[in-house]
>>> print(open('my_file02.txt').read())   # compact mmCIF, C-alpha atoms
# COMPACT_ATOMS: atom_id res chain seq x y z
CA MET E 1 -15.81 -46.87 55.39
CA ASP E 2 -14.08 -50.24 55.14
CA SER E 3 -10.59 -50.75 53.72
CA PHE E 4 -11.90 -51.86 50.30
CA ASP E 5 -13.85 -48.63 49.84
CA GLN E 6 -10.83 -46.56 50.89
CA VAL E 7 -8.66 -48.24 48.32
CA ALA E 8 -11.29 -47.75 45.60
CA LEU E 9 -11.58 -44.07 46.52
CA GLN E 10 -7.83 -43.61 46.37
CA VAL E 11 -7.78 -45.26 42.94
CA ASP E 12 -10.54 -42.94 41.68
CA VAL E 13 -8.71 -39.90 43.00
CA GLN E 14 -5.47 -41.03 41.37
CA GLU E 15 -7.25 -41.63 38.06
CA GLU E 16 -8.77 -38.13 38.19
CA GLN E 17 -5.37 -36.63 38.90
CA ASP E 18 -3.80 -38.60 36.05
CA LEU E 19 -6.58 -37.48 33.70
CA ALA E 20 -6.17 -33.84 34.76
CA GLY E 21 -2.42 -34.11 34.21
CA ALA E 22 -2.93 -35.59 30.75
CA VAL E 23 -5.33 -32.79 29.84
CA GLN E 24 -2.82 -30.16 31.01
CA SER E 25 -0.04 -31.85 29.05
CA SER E 26 -2.25 -31.98 25.97
CA LYS E 27 -3.07 -28.26 26.26
CA PHE E 28 0.62 -27.46 26.67
CA LEU E 29 1.49 -29.47 23.57
CA TRP E 30 -1.24 -27.71 21.58
CA ILE E 31 0.10 -24.33 22.69
CA LEU E 32 3.65 -25.31 21.70
CA GLY E 33 2.39 -26.60 18.37
CA GLY E 34 0.49 -23.37 17.72
CA LEU E 35 3.53 -21.25 18.51
CA ALA E 36 5.72 -23.39 16.25
CA LEU E 37 3.19 -23.05 13.41
CA LEU E 38 3.01 -19.27 13.89
CA LEU E 39 6.80 -18.97 13.76
CA LEU E 40 6.87 -21.12 10.63
CA VAL E 41 4.25 -18.96 8.89
CA LEU E 42 6.10 -15.76 9.84
CA GLY E 43 9.33 -17.23 8.52
CA VAL E 44 7.76 -18.19 5.20
CA LEU E 45 6.14 -14.75 4.82
CA ARG E 46 9.48 -13.10 5.49
CA ILE E 47 11.02 -15.11 2.66
CA VAL E 48 8.15 -14.81 0.18
CA LEU E 49 6.98 -11.21 0.63
CA PRO E 50 9.03 -8.48 -1.11
CA LYS E 51 11.52 -6.66 1.09
CA ARG E 52 11.63 -2.89 0.69
CA LYS E 53 14.64 -1.76 2.59
CA GLY E 54 16.13 1.71 2.71
CA ASN E 55 14.45 5.07 2.24
CA SER E 56 15.38 5.85 -1.38
CA VAL E 57 13.06 7.17 -4.07
CA LEU E 58 14.45 7.26 -7.61
CA LEU E 59 13.78 9.92 -10.24
CA LEU E 60 14.07 8.16 -13.60
CA GLY E 61 13.07 8.99 -17.15
CA PRO E 62 14.38 10.35 -20.44
CA SER E 63 17.02 13.05 -20.61
CA GLY E 64 15.49 16.53 -20.59
CA SER E 65 12.21 15.49 -18.98
CA GLY E 66 12.78 17.69 -15.93
CA LYS E 67 14.13 15.25 -13.32
CA THR E 68 16.80 17.56 -11.94
CA THR E 69 14.39 20.49 -11.78
CA LEU E 70 11.98 18.27 -9.84
CA PHE E 71 14.80 17.18 -7.56
CA LEU E 72 15.54 20.82 -6.68
CA GLN E 73 11.86 21.65 -6.29
CA LEU E 74 11.32 18.74 -3.90
CA ARG E 75 14.47 19.51 -1.92
CA ASP E 76 14.46 23.30 -1.83
CA GLY E 77 11.05 24.40 -3.03
CA ASP E 78 12.89 26.33 -5.76
CA THR E 79 14.29 25.51 -9.19
CA HIS E 80 17.22 27.97 -8.89
CA ASN E 81 16.50 29.44 -12.34
CA GLY E 82 16.26 26.10 -14.09
CA THR E 83 18.79 23.43 -14.94
CA VAL E 84 20.38 21.69 -17.90
CA ALA E 85 20.50 17.97 -18.64
CA SER E 86 23.02 16.32 -16.34
CA MET E 87 25.37 13.40 -16.93
CA HIS E 88 25.84 12.86 -13.20
CA GLU E 89 23.51 11.72 -10.45
CA ASN E 90 22.05 14.19 -7.99
CA ALA E 91 21.42 12.57 -4.64
CA GLY E 92 20.61 13.78 -1.16
CA THR E 93 18.90 12.82 2.08
CA PHE E 94 16.54 15.51 3.32
CA LEU E 95 13.05 16.44 4.43
CA LEU E 96 10.84 17.48 1.55
CA ALA E 97 10.66 21.23 1.03
CA SER E 98 7.06 21.39 2.27
CA GLU E 99 8.08 19.63 5.51
CA LYS E 100 10.99 21.81 6.59
CA ALA E 101 9.10 23.16 9.61
CA GLN E 102 8.02 19.66 10.69
CA LYS E 103 9.73 16.69 12.21
CA GLY E 104 9.72 13.68 9.94
CA ARG E 105 11.75 10.96 8.31
CA PRO E 106 14.25 12.22 5.73
CA VAL E 107 14.00 10.83 2.21
CA HIS E 108 16.96 9.78 0.12
CA LEU E 109 16.13 11.11 -3.35
CA VAL E 110 18.26 10.11 -6.34
CA ASP E 111 18.03 11.80 -9.74
CA VAL E 112 19.53 9.32 -12.24
CA PRO E 113 20.53 10.79 -15.63
CA GLY E 114 18.35 9.70 -18.53
CA HIS E 115 21.07 9.60 -21.17
CA PRO E 116 21.36 6.05 -22.58
CA LYS E 117 25.10 5.93 -21.85
CA VAL E 118 24.67 6.49 -18.11
CA ARG E 119 21.15 5.46 -17.16
CA SER E 120 22.34 1.89 -16.50
CA ARG E 121 23.55 3.30 -13.19
CA VAL E 122 20.03 2.66 -11.91
CA ASP E 123 21.32 -0.81 -10.98
CA SER E 124 23.35 0.82 -8.22
CA TYR E 125 20.25 2.21 -6.53
CA VAL E 126 17.29 -0.03 -7.28
CA ASP E 127 17.97 -2.54 -4.48
CA ASN E 128 17.35 0.20 -1.88
CA ALA E 129 14.46 1.87 -3.70
CA ARG E 130 11.14 2.24 -1.91
CA GLY E 131 9.57 3.95 -4.92
CA ILE E 132 10.26 5.09 -8.49
CA ILE E 133 9.11 8.35 -10.09
CA PHE E 134 9.31 8.07 -13.87
CA VAL E 135 9.33 11.58 -15.36
CA ILE E 136 8.03 12.35 -18.86
CA ASP E 137 7.96 15.60 -20.81
CA SER E 138 4.23 15.81 -21.58
CA VAL E 139 4.78 18.48 -24.26
CA ASP E 140 7.37 16.58 -26.29
CA PHE E 141 5.98 13.14 -25.53
CA MET E 142 4.74 12.12 -28.99
CA GLY E 143 8.12 12.86 -30.56
CA GLN E 144 9.85 10.32 -28.33
CA LYS E 145 7.02 7.99 -27.30
CA THR E 146 8.74 4.79 -28.45
CA ALA E 147 12.04 5.59 -26.72
CA VAL E 148 10.15 6.54 -23.54
CA ALA E 149 8.16 3.29 -23.61
CA GLU E 150 11.35 1.26 -24.13
CA GLN E 151 13.02 2.89 -21.13
CA LEU E 152 9.91 2.41 -19.02
CA LEU E 153 9.71 -1.26 -20.03
CA GLU E 154 13.37 -1.76 -19.11
CA ILE E 155 12.60 -0.52 -15.61
CA LEU E 156 9.38 -2.52 -15.22
CA ALA E 157 11.22 -5.68 -16.35
CA HIS E 158 14.19 -5.09 -14.04
CA PRO E 159 14.55 -8.20 -11.84
CA ALA E 160 14.88 -6.24 -8.57
CA VAL E 161 11.92 -3.99 -9.39
CA ARG E 162 9.71 -6.97 -10.19
CA LYS E 163 10.84 -9.11 -7.27
CA ARG E 164 10.35 -6.33 -4.72
CA ARG E 165 7.28 -4.89 -6.48
CA VAL E 166 8.60 -1.36 -6.20
CA PRO E 167 5.70 1.07 -6.66
CA MET E 168 5.99 3.54 -9.53
CA LEU E 169 4.49 6.94 -10.28
CA ILE E 170 4.53 8.04 -13.92
CA VAL E 171 4.76 11.84 -13.85
CA CYS E 172 3.76 13.98 -16.81
CA ASN E 173 5.84 17.11 -16.32
CA LYS E 174 5.08 20.57 -17.78
CA SER E 175 1.34 20.44 -17.09
CA ASP E 176 1.56 24.25 -16.82
CA GLU E 177 1.96 24.39 -20.63
CA GLY E 178 -1.81 24.12 -21.07
CA ALA E 179 -3.04 22.80 -24.43
CA LYS E 180 0.52 22.02 -25.56
CA ALA E 181 0.84 19.39 -22.82
CA HIS E 182 -0.70 15.96 -23.36
CA THR E 183 -3.04 14.81 -20.62
CA VAL E 184 -2.08 12.17 -18.07
CA ASP E 185 -4.74 9.79 -19.38
CA PHE E 186 -3.55 10.18 -22.98
CA VAL E 187 0.10 9.54 -22.04
CA ARG E 188 -0.79 6.50 -19.94
CA LYS E 189 -2.88 4.88 -22.68
CA ARG E 190 -0.29 5.67 -25.36
CA LEU E 191 2.48 4.11 -23.26
CA GLU E 192 0.41 0.95 -22.89
CA ARG E 193 -0.01 0.81 -26.67
CA GLU E 194 3.70 1.36 -27.30
CA ILE E 195 4.67 -1.29 -24.74
CA ASN E 196 2.31 -3.74 -26.43
CA GLN E 197 4.04 -3.12 -29.76
CA ILE E 198 7.49 -3.52 -28.19
CA ARG E 199 6.45 -6.78 -26.52
CA GLN E 200 5.19 -8.16 -29.80
CA THR E 201 8.46 -7.25 -31.53
CA GLN E 202 10.57 -8.66 -28.71
CA SER E 203 8.53 -11.86 -28.70
CA THR E 204 9.36 -12.36 -32.37
CA LEU E 205 13.04 -11.63 -31.74
CA GLU E 206 13.07 -14.02 -28.79
CA ASP E 207 11.87 -16.82 -31.02
CA SER E 208 14.88 -16.16 -33.25
CA GLY E 209 17.29 -15.76 -30.31
CA GLY E 210 17.72 -11.99 -30.50
CA ALA E 211 15.39 -10.57 -27.88
CA LYS E 212 16.56 -7.51 -26.00
CA PHE E 213 14.30 -8.28 -23.03
CA VAL E 214 14.70 -11.89 -21.98
CA ASP E 215 11.83 -11.66 -19.52
CA ILE E 216 8.90 -9.94 -21.23
CA ILE E 217 6.24 -8.70 -18.84
CA GLY E 218 2.89 -10.41 -18.80
CA ASN E 219 1.13 -13.06 -20.83
CA MET E 220 1.62 -12.42 -24.54
CA GLN E 221 -1.96 -13.54 -25.14
CA GLU E 222 -3.20 -10.50 -23.18
CA GLU E 223 -3.04 -6.82 -24.03
CA PHE E 224 -0.66 -5.06 -21.69
CA THR E 225 -2.13 -2.54 -19.29
CA PHE E 226 -0.75 -1.13 -16.07
CA GLU E 227 -3.80 -2.54 -14.29
CA MET E 228 -2.91 -5.99 -15.61
CA LEU E 229 0.62 -5.52 -14.29
CA GLN E 230 -0.72 -4.89 -10.81
CA LYS E 231 -3.13 -7.81 -11.00
CA LYS E 232 -0.55 -10.29 -12.27
CA ASN E 233 2.63 -9.08 -10.57
CA GLY E 234 1.34 -7.02 -7.66
CA MET E 235 3.19 -3.93 -8.87
CA SER E 236 1.42 -0.58 -8.57
CA VAL E 237 1.89 1.93 -11.41
CA SER E 238 -0.01 5.19 -10.87
CA SER E 239 0.21 8.43 -12.83
CA ALA E 240 -0.05 12.17 -12.22
CA GLY E 241 0.60 15.54 -13.78
CA CYS E 242 3.03 18.08 -12.38
CA SER E 243 4.95 21.24 -13.13
CA ALA E 244 8.51 21.36 -11.85
CA LEU E 245 8.87 25.03 -12.74
CA THR E 246 5.74 26.28 -10.96
CA GLY E 247 6.05 23.97 -7.97
CA HIS E 248 2.93 21.94 -8.68
CA VAL E 249 4.35 18.75 -7.13
CA ASP E 250 1.81 17.83 -4.45
CA GLU E 251 1.04 14.40 -5.91
CA LEU E 252 4.75 13.59 -6.06
CA MET E 253 5.21 14.45 -2.41
CA SER E 254 2.18 12.36 -1.46
CA PHE E 255 3.59 9.41 -3.41
CA ILE E 256 7.00 9.80 -1.75
CA ARG E 257 5.41 9.79 1.69
CA ARG E 258 3.42 6.68 0.89
CA CYS E 259 6.69 4.98 -0.04
CA VAL E 260 8.69 6.43 2.85
CA PRO E 261 6.29 7.28 5.70
CA SER E 262 7.29 10.11 8.04
>>> encode(input="my_file02.txt", output="structure tokens")
Amino acid sequence: MDSFDQVALQVDVQEEQDLAGAVQSSKFLWILGGLALLLLVLGVLRIVLPKRKGNSVLLLGPSGSGKTTLFLQLRDGDTHNGTVASMHENAGTFLLASEKAQKGRPVHLVDVPGHPKVRSRVDSYVDNARGIIFVIDSVDFMGQKTAVAEQLLEILAHPAVRKRRVPMLIVCNKSDEGAKAHTVDFVRKRLEREINQIRQTQSTLEDSGGAKFVDIIGNMQEEFTFEMLQKKNGMSVSSAGCSALTGHVDELMSFIRRCVPS
């Protein structure tokens, strides 16, 4: 091989090495770019997606609906001969009564009084709430349906509840009362109707500058339903019957464990 051929061969080898180096550099840059994009997406999701911190589940609802009795039933598996309406919160961190023999994650349960003068205290707890149980007296429901719907709407429209999409379970207590108790389906549909009427009234008041709820849930051109709320806002509102006195609270415990896994 003469000197010209040797030089040409060396040039070819060098070009191949340069090309291989460029390819490796290009792959490295692509990998770095992919990692940077992944970190960016994760950062955006962390900002956009609702944050559900803490391990609290709130018991909310009208005064006399059975929240404190449910609190005791969930904590102790016993109502301790019943309770009276309380003006003070009941709060505790514990394993649910049915889980005492198991190892699991304790739940921080807060029973917030339903009296209008003190129920604003929910603001102190909602930022750490992983779930909300809204308790209704299914026997006396029709006599206070409008007040119940107003309180429920206040909670659904709460900025922290909406932003974090805190799941809610509407509980119809006193299902053990038989025919005297309204069914879960009846209560749910009636609440939707009442909320629709309240929204219409508040919309009129808002036009005149006197609305109680500045941010009314949903498009006013649509009928309000809990399914619409989930579709539009991503907030889940389920419903169930229970009996605090007899200990029929299985669906509540399942809901709590979905919100605060063991």
>>> atom_distance(input="my_file02.txt", atom1="atom CA of E:Ser65", atom2="atom CA of E:Glu177")
13.7 Å
>>> atom_distance(input="my_file02.txt", atom1="atom CA of E:Asn81", atom2="atom CA of E:Tyr125")
28.1 Å
>>> residues_around(input="my_file02.txt", residues="E:Ala147", least_positions_apart="6", cutoff="12 Å", atoms="only C-alpha atoms", output="list in words")
Gly61, Pro62, Ser63, Gly114, His115, Pro116, Ile136, Asp140, Phe141, Leu153, Glu154, Leu191, Glu194, Ile195 and Ile198 of chain E
>>> closest_residue(input="my_file02.txt", among="E:Lys145, E:Lys67, E:His158, E:Lys163", to="E:Arg188", atoms="all atoms listed in the file")
E:Lys145
>>> atom_distance(input="my_file02.txt", atom1="atom CA of E:Val237", atom2="atom CA of E:Met87")
26.7 Å
>>> closest_residue(input="my_file02.txt", among="E:Thr79, E:Leu60, E:Gln151, E:Ser203", to="E:Leu109", atoms="all atoms listed in the file")
E:Leu60
>>> residues_around(input="my_file02.txt", residues="stretch 128-134 of chain E", least_positions_apart="2", cutoff="9 Å", atoms="only C-alpha atoms", output="VMD selection string")
chain E and resid 52 to 62 67 124 to 126 136 152 161 166 to 172 252 255 to 256 258 to 260
>>> closest_residue(input="my_file02.txt", among="E:Ala244, E:Met253, E:Val107, E:Ala181", to="E:Gln73", atoms="all atoms listed in the file")
E:Ala244
>>> closest_residue(input="my_file02.txt", among="E:Phe226, E:Ser254, E:Glu89, E:Gly247", to="E:Arg121", atoms="only C-alpha atoms")
E:Glu89
>>> closest_residue(input="my_file02.txt", among="E:Thr68, E:Pro106, E:Lys100, E:Leu229", to="E:His88", atoms="only C-alpha atoms")
E:Thr68
>>> residues_near_point(input="my_file02.txt", point="(-4.1, 1.8, -14.3)", cutoff="10 Å", atoms="only C-alpha atoms", output="VMD selection string")
chain E and resid 185 188 to 189 192 225 to 230 236 to 239
>>> closest_residue(input="my_file02.txt", among="E:Leu245, E:Phe186, E:Gln202, E:Lys231", to="E:Thr69", atoms="only C-alpha atoms")
E:Leu245
